[in-house]
Amino acid sequence: MPTILFGAFDRHNFGDLLFAHIAAALLRDEDVRFAGLVDRDLQIYGGHRVESLTRLAAKCANLPVRLIHVGGEILTCDAWQAAIMLQPLDTVQGTIARLDNDKAARHAWAARQLGLNDLAPYCISRALFPLAESIAYLGVGGVDLDARELALRTEVLVKLAGADWIGVRDERTLAHLAAAGIAASLVPDPAVMVAEFFGQ
C-alpha cells in the first residue's frame with residue numbers, strides 16, 4: 001500500500017523540501033510517493049521528484065493509499081497563492097498585475113494551472129482518493145484561518161472533518177479547529193527533527 005506524502009515541496013523552498021525528508025525518515029521503509037500540486041523534479045536542490053496530485057489520484061484511483069499532508073502553513077494557502085508560488089519568477093509580476101483585482105479570473109487561472117477547482121488545494125478532498133485507507137495531517141499550520149474568507153474556511157474545515165488524524169504545529173491553529181469542533185493534536189513543527197534524523 002503506497003503512502004503519499006503531500007505538501008508544498010513542489011517548489012524551491014528549503015523548509016518545505018525538508019518536510020518531505022523528515023516524513024520519509026519517520027516512515028522508514030514504506031513505499032513512499034511524493035506529491036505536490038504540480039510535477040517537479042527538485043532533486044538537484046536536495047528535494048525529491050514530485051508528482052502532481054491529480055496525476056497520482058488517477059494512477060491510484062483503485063488503490064487503498066495512505067495520504068499524509070506534511071508540514072507548512074497549508075490550511076490557509078488558497079489556490080491563487082499556491083499557483084503564483086509555482087510560477088517561473090519572470091512571469092509572476094505580470095500575472096499578478098493582470099489578475100490581482102479580478103477574483104473570479106484569479107480563481108479560474110489558478111484552477112487551470114493546478115488542475116483543481118478547490119479553494120484550498122493543499123488540503124486533499126477524499127473524493128480525489130475514494131479508496132484511501134487514511135488521511136492524516138502532520139505538523140501543519142493555519143494561524144490566520146479565522147481571518148480567511150468564509151468559503152475557504154468552510155472548505156478547509158469540511159476536508160479536515162473527513163481526516164483520520166490531524167496534528168498541528170501551533171496553539172492558534174489548534175484553537176481554531178477546536179472552536180469548529182475538530183479534534184487535533186499539537187505536535188512539533190517537523191523541522192525540529194532535522195538534527196535528530198540527519199545529524200551533521
# chains A, B, ... in the order shown; residues from 1 in each chain; ligands from 1
$ residues_around --residues "Leu160 in chain A" --least-positions-apart "4" --cutoff "10 Å" --atoms "only C-alpha atoms" --output "list of chain:residue names"
A:Leu75, A:Cys123, A:Ile124, A:Ser125, A:Arg126, A:Ile135, A:Ala136, A:Tyr137, A:Thr154, A:Glu155, A:Val156, A:Asp164, A:Trp165, A:Ile166, A:Leu177, A:Ile182, A:Ala183, A:Ala184
$ select_by_dssp --residues "chain A" --states "helix (DSSP H, G or I)" --output "PyMOL selection string"
chain A and resi 14-27+43-45+53-59+74-76+79-85+89-99+103-114+126-128+145-147+150-161+171-179+190-198
$ residues_around --residues "Lys59 in chain A" --least-positions-apart "6" --cutoff "12 Å" --atoms "only C-alpha atoms" --output "list in words"
Pro2, Ile4, Arg33, Glu51, Ser52, Leu53, Val65, Leu128 and Phe129 of chain A
$ write_last_selection --atoms "all heavy atoms" --output "compact mmCIF listing (two decimals), in the first residue's frame"
# COMPACT_ATOMS: atom_id res chain seq x y z
N PRO A 2 0.82 2.05 -1.05
CA PRO A 2 1.67 3.24 -1.09
C PRO A 2 1.21 4.30 -0.10
O PRO A 2 0.03 4.44 0.20
CB PRO A 2 1.53 3.73 -2.53
CG PRO A 2 0.24 3.17 -3.01
CD PRO A 2 0.03 1.89 -2.28
N ILE A 4 1.33 8.32 0.28
CA ILE A 4 1.55 9.54 -0.47
C ILE A 4 1.81 10.68 0.50
O ILE A 4 0.96 10.99 1.35
CB ILE A 4 0.34 9.86 -1.37
CG1 ILE A 4 0.17 8.76 -2.42
CG2 ILE A 4 0.51 11.22 -2.05
CD1 ILE A 4 -1.09 8.87 -3.24
N ARG A 33 5.52 7.89 -1.92
CA ARG A 33 5.50 8.72 -3.12
C ARG A 33 5.34 10.18 -2.68
O ARG A 33 4.63 10.46 -1.72
CB ARG A 33 4.35 8.33 -4.03
CG ARG A 33 4.41 6.87 -4.39
CD ARG A 33 3.69 6.56 -5.64
NE ARG A 33 3.67 5.12 -5.86
CZ ARG A 33 2.86 4.52 -6.71
NH1 ARG A 33 2.01 5.22 -7.40
NH2 ARG A 33 2.93 3.23 -6.86
N GLU A 51 5.32 14.26 -7.89
CA GLU A 51 4.26 14.04 -8.88
C GLU A 51 3.07 14.93 -8.54
O GLU A 51 2.77 15.18 -7.37
CB GLU A 51 3.81 12.58 -8.86
CG GLU A 51 4.87 11.61 -9.29
CD GLU A 51 4.37 10.17 -9.27
OE1 GLU A 51 3.59 9.80 -10.16
OE2 GLU A 51 4.75 9.44 -8.34
N SER A 52 2.36 15.38 -9.57
CA SER A 52 1.18 16.20 -9.31
C SER A 52 0.10 15.35 -8.65
O SER A 52 -0.06 14.16 -8.96
CB SER A 52 0.66 16.83 -10.60
OG SER A 52 -0.08 15.90 -11.35
N LEU A 53 -0.63 15.98 -7.76
CA LEU A 53 -1.67 15.29 -7.02
C LEU A 53 -2.71 14.68 -7.94
O LEU A 53 -3.14 13.53 -7.75
CB LEU A 53 -2.34 16.26 -6.04
CG LEU A 53 -3.36 15.66 -5.09
CD1 LEU A 53 -2.67 14.71 -4.12
CD2 LEU A 53 -4.10 16.75 -4.34
N VAL A 65 -4.65 3.75 -0.69
CA VAL A 65 -3.45 4.51 -0.30
C VAL A 65 -3.61 5.14 1.08
O VAL A 65 -4.72 5.30 1.59
CB VAL A 65 -3.14 5.62 -1.32
CG1 VAL A 65 -2.83 5.03 -2.68
CG2 VAL A 65 -4.28 6.61 -1.40
N LEU A 128 -11.00 12.78 -4.19
CA LEU A 128 -9.89 12.52 -5.12
C LEU A 128 -9.35 11.10 -4.97
O LEU A 128 -8.85 10.52 -5.93
CB LEU A 128 -8.75 13.52 -4.87
CG LEU A 128 -8.63 14.74 -5.76
CD1 LEU A 128 -7.41 15.54 -5.37
CD2 LEU A 128 -8.63 14.40 -7.22
N PHE A 129 -9.39 10.57 -3.76
CA PHE A 129 -8.87 9.23 -3.48
C PHE A 129 -9.96 8.44 -2.75
O PHE A 129 -9.89 8.26 -1.53
CB PHE A 129 -7.61 9.32 -2.61
CG PHE A 129 -6.43 9.95 -3.30
CD1 PHE A 129 -6.25 11.32 -3.27
CD2 PHE A 129 -5.51 9.17 -3.98
CE1 PHE A 129 -5.17 11.92 -3.91
CE2 PHE A 129 -4.42 9.75 -4.62
CZ PHE A 129 -4.25 11.13 -4.59
$ closest_atom_pairs --of "range 28-113 of chain A" --to "range 145-151 of chain A" --cutoff "12 Å" --atoms "only C-alpha atoms" --output "tab-separated table"
residue	atom	partner	partner_atom	distance
A:Glu73	CA	A:Leu145	CA	10.0
A:Ile74	CA	A:Leu145	CA	10.2
A:Leu75	CA	A:Leu145	CA	7.1
A:Thr76	CA	A:Leu145	CA	5.8
A:Cys77	CA	A:Leu145	CA	9.5
A:Asp78	CA	A:Arg148	CA	9.4
$ residues_around --residues "range 6-10 of chain A" --least-positions-apart "3" --cutoff "8 Å" --atoms "only C-alpha atoms" --output "list in words"
Asn13, Asp16, Leu17, Phe19, Ala20, Phe34, Ala35, Gly36, Leu37, Val38, Asp39, Arg40, Asp41, Leu42, Gly47, His48, Val50, Leu53, Leu67, Ile68, His69, Val70, Gly71, Gly72, Ile74, Leu86 and Tyr122 of chain A
$ write_last_selection --atoms "N, CA, C and O atoms" --output "mmCIF file, in the first residue's frame"
data_model
loop_
_atom_site.group_PDB
_atom_site.id
_atom_site.type_symbol
_atom_site.label_atom_id
_atom_site.label_comp_id
_atom_site.auth_asym_id
_atom_site.auth_seq_id
_atom_site.Cartn_x
_atom_site.Cartn_y
_atom_site.Cartn_z
ATOM 1 N N ASN A 13 11.656 25.822 -1.865
ATOM 2 C CA ASN A 13 11.630 26.488 -0.564
ATOM 3 C C ASN A 13 12.285 25.518 0.413
ATOM 4 O O ASN A 13 11.813 24.389 0.579
ATOM 5 N N ASP A 16 10.165 23.625 3.084
ATOM 6 C CA ASP A 16 9.237 22.654 2.510
ATOM 7 C C ASP A 16 9.972 21.415 1.998
ATOM 8 O O ASP A 16 9.471 20.290 2.118
ATOM 9 N N LEU A 17 11.154 21.602 1.430
ATOM 10 C CA LEU A 17 11.934 20.448 0.968
ATOM 11 C C LEU A 17 12.322 19.560 2.148
ATOM 12 O O LEU A 17 12.330 18.328 2.044
ATOM 13 N N PHE A 19 10.608 19.109 4.952
ATOM 14 C CA PHE A 19 9.458 18.379 5.471
ATOM 15 C C PHE A 19 9.327 17.001 4.825
ATOM 16 O O PHE A 19 9.025 16.010 5.488
ATOM 17 N N ALA A 20 9.551 16.934 3.521
ATOM 18 C CA ALA A 20 9.423 15.657 2.815
ATOM 19 C C ALA A 20 10.471 14.654 3.303
ATOM 20 O O ALA A 20 10.177 13.469 3.486
ATOM 21 N N PHE A 34 5.985 11.063 -3.398
ATOM 22 C CA PHE A 34 5.964 12.476 -3.053
ATOM 23 C C PHE A 34 5.035 13.211 -4.024
ATOM 24 O O PHE A 34 5.199 13.109 -5.240
ATOM 25 N N ALA A 35 4.080 13.931 -3.467
ATOM 26 C CA ALA A 35 3.096 14.624 -4.298
ATOM 27 C C ALA A 35 3.052 16.102 -3.954
ATOM 28 O O ALA A 35 3.198 16.491 -2.795
ATOM 29 N N GLY A 36 2.833 16.892 -4.976
ATOM 30 C CA GLY A 36 2.604 18.321 -4.826
ATOM 31 C C GLY A 36 1.456 18.698 -5.740
ATOM 32 O O GLY A 36 0.719 17.836 -6.214
ATOM 33 N N LEU A 37 1.325 19.958 -6.009
ATOM 34 C CA LEU A 37 0.263 20.382 -6.920
ATOM 35 C C LEU A 37 0.683 20.267 -8.379
ATOM 36 O O LEU A 37 -0.162 20.206 -9.263
ATOM 37 N N VAL A 38 1.984 20.233 -8.632
ATOM 38 C CA VAL A 38 2.490 20.103 -9.995
ATOM 39 C C VAL A 38 3.634 19.084 -10.022
ATOM 40 O O VAL A 38 4.207 18.752 -8.989
ATOM 41 N N ASP A 39 3.936 18.586 -11.206
ATOM 42 C CA ASP A 39 5.096 17.717 -11.391
ATOM 43 C C ASP A 39 6.361 18.557 -11.317
ATOM 44 O O ASP A 39 6.466 19.574 -12.011
ATOM 45 N N ARG A 40 7.297 18.137 -10.488
ATOM 46 C CA ARG A 40 8.571 18.841 -10.393
ATOM 47 C C ARG A 40 9.659 17.841 -10.008
ATOM 48 O O ARG A 40 9.414 16.948 -9.205
ATOM 49 N N ASP A 41 10.848 18.054 -10.539
ATOM 50 C CA ASP A 41 11.997 17.288 -10.087
ATOM 51 C C ASP A 41 12.952 18.253 -9.394
ATOM 52 O O ASP A 41 13.661 19.020 -10.052
ATOM 53 N N LEU A 42 12.958 18.233 -8.064
ATOM 54 C CA LEU A 42 13.797 19.141 -7.295
ATOM 55 C C LEU A 42 14.991 18.423 -6.668
ATOM 56 O O LEU A 42 15.578 18.905 -5.704
ATOM 57 N N GLY A 47 15.878 18.144 -3.025
ATOM 58 C CA GLY A 47 14.482 17.766 -2.803
ATOM 59 C C GLY A 47 14.178 16.406 -3.395
ATOM 60 O O GLY A 47 15.015 15.508 -3.406
ATOM 61 N N HIS A 48 12.965 16.255 -3.907
ATOM 62 C CA HIS A 48 12.517 14.970 -4.445
ATOM 63 C C HIS A 48 11.915 15.157 -5.837
ATOM 64 O O HIS A 48 11.591 16.267 -6.236
ATOM 65 N N VAL A 50 8.726 15.036 -7.560
ATOM 66 C CA VAL A 50 7.373 15.223 -7.042
ATOM 67 C C VAL A 50 6.361 15.041 -8.172
ATOM 68 O O VAL A 50 6.537 15.582 -9.259
ATOM 69 N N LEU A 53 -0.629 15.978 -7.764
ATOM 70 C CA LEU A 53 -1.669 15.289 -7.016
ATOM 71 C C LEU A 53 -2.713 14.681 -7.944
ATOM 72 O O LEU A 53 -3.142 13.533 -7.750
ATOM 73 N N LEU A 67 -2.668 8.778 2.848
ATOM 74 C CA LEU A 67 -2.340 10.143 2.460
ATOM 75 C C LEU A 67 -1.904 10.920 3.690
ATOM 76 O O LEU A 67 -2.606 10.934 4.705
ATOM 77 N N ILE A 68 -0.748 11.564 3.608
ATOM 78 C CA ILE A 68 -0.257 12.369 4.726
ATOM 79 C C ILE A 68 0.101 13.759 4.213
ATOM 80 O O ILE A 68 0.978 13.910 3.352
ATOM 81 N N HIS A 69 -0.597 14.767 4.727
ATOM 82 C CA HIS A 69 -0.238 16.156 4.453
ATOM 83 C C HIS A 69 0.954 16.483 5.346
ATOM 84 O O HIS A 69 0.891 16.282 6.560
ATOM 85 N N VAL A 70 2.019 17.002 4.754
ATOM 86 C CA VAL A 70 3.265 17.161 5.504
ATOM 87 C C VAL A 70 3.642 18.631 5.657
ATOM 88 O O VAL A 70 4.030 19.295 4.690
ATOM 89 N N GLY A 71 3.520 19.131 6.886
ATOM 90 C CA GLY A 71 4.084 20.420 7.273
ATOM 91 C C GLY A 71 3.612 21.631 6.497
ATOM 92 O O GLY A 71 2.887 21.543 5.513
ATOM 93 N N GLY A 72 3.983 22.776 6.994
ATOM 94 C CA GLY A 72 3.725 24.030 6.305
ATOM 95 C C GLY A 72 2.412 24.683 6.693
ATOM 96 O O GLY A 72 1.527 24.067 7.278
ATOM 97 N N ILE A 74 -0.298 25.235 5.335
ATOM 98 C CA ILE A 74 -1.101 24.850 4.171
ATOM 99 C C ILE A 74 -2.603 25.074 4.341
ATOM 100 O O ILE A 74 -3.326 25.144 3.354
ATOM 101 N N LEU A 86 4.118 28.727 -7.660
ATOM 102 C CA LEU A 86 4.669 27.674 -8.508
ATOM 103 C C LEU A 86 5.054 28.170 -9.897
ATOM 104 O O LEU A 86 5.496 27.383 -10.732
ATOM 105 N N TYR A 122 -4.041 22.689 -1.069
ATOM 106 C CA TYR A 122 -3.086 21.881 -0.304
ATOM 107 C C TYR A 122 -3.765 21.029 0.768
ATOM 108 O O TYR A 122 -3.090 20.371 1.560
#
$ closest_residue --among "A:Cys60, A:Val192, A:Val140, A:Ile44" --to "Leu18 in chain A" --atoms "only C-alpha atoms"
A:Val192
$ closest_residue --among "A:Gln93, A:Asn62, A:Thr54, A:Thr173" --to "Leu116 in chain A" --atoms "only C-alpha atoms"
A:Thr54
$ select_by_dssp --residues "range 11-200 of chain A" --states "strand (DSSP E or B)" --output "JSON, numbers by chain"
{"A": [32, 33, 34, 35, 36, 40, 41, 49, 50, 51, 52, 66, 67, 68, 69, 70, 71, 72, 134, 135, 136, 137, 138, 139, 140, 165, 166, 167, 168, 185, 186]}
$ atom_distance --atom1 "CA of Ala195 in chain A" --atom2 "CA of Gly46 in chain A"
16.2 Å
$ closest_residue --among "A:Ala61, A:Met85, A:Trp80, A:Ala23" --to "Ala110 in chain A" --atoms "only C-alpha atoms"
A:Trp80
$ residues_around --residues "Val187 in chain A" --least-positions-apart "2" --cutoff "10 Å" --atoms "only C-alpha atoms" --output "list of chain:residue names"
A:Leu138, A:Gly139, A:Val140, A:Ile166, A:Gly167, A:Val168, A:Arg169, A:Asp170, A:Glu171, A:Ala184, A:Ser185, A:Asp189, A:Pro190
$ write_last_selection --atoms "C-alpha atoms" --output "JSON list (two decimals), in the first residue's frame"
[["chain", "number", "residue", "atom", "x", "y", "z"],
["A", 138, "LEU", "CA", 1.37, 16.10, 10.15],
["A", 139, "GLY", "CA", 2.60, 19.35, 11.69],
["A", 140, "VAL", "CA", 0.51, 21.69, 9.56],
["A", 166, "ILE", "CA", -4.70, 15.87, 12.47],
["A", 167, "GLY", "CA", -1.50, 17.17, 14.02],
["A", 168, "VAL", "CA", -0.99, 20.95, 14.01],
["A", 169, "ARG", "CA", 2.19, 22.81, 14.85],
["A", 170, "ASP", "CA", 0.88, 25.79, 16.84],
["A", 171, "GLU", "CA", -1.67, 26.59, 19.51],
["A", 184, "ALA", "CA", -6.46, 17.80, 16.59],
["A", 185, "SER", "CA", -3.19, 17.23, 18.42],
["A", 189, "ASP", "CA", 6.95, 21.51, 13.61],
["A", 190, "PRO", "CA", 8.63, 18.74, 11.55]]
$ closest_residue --among "A:Arg172, A:Ala191, A:Pro130, A:Leu119" --to "Gly142 in chain A" --atoms "only C-alpha atoms"
A:Arg172
$ atom_distance --atom1 "CA of Gln87 in chain A" --atom2 "CA of Ala58 in chain A"
23.7 Å
$ atom_distance --atom1 "CA of Ala120 in chain A" --atom2 "CA of His176 in chain A"
16.4 Å
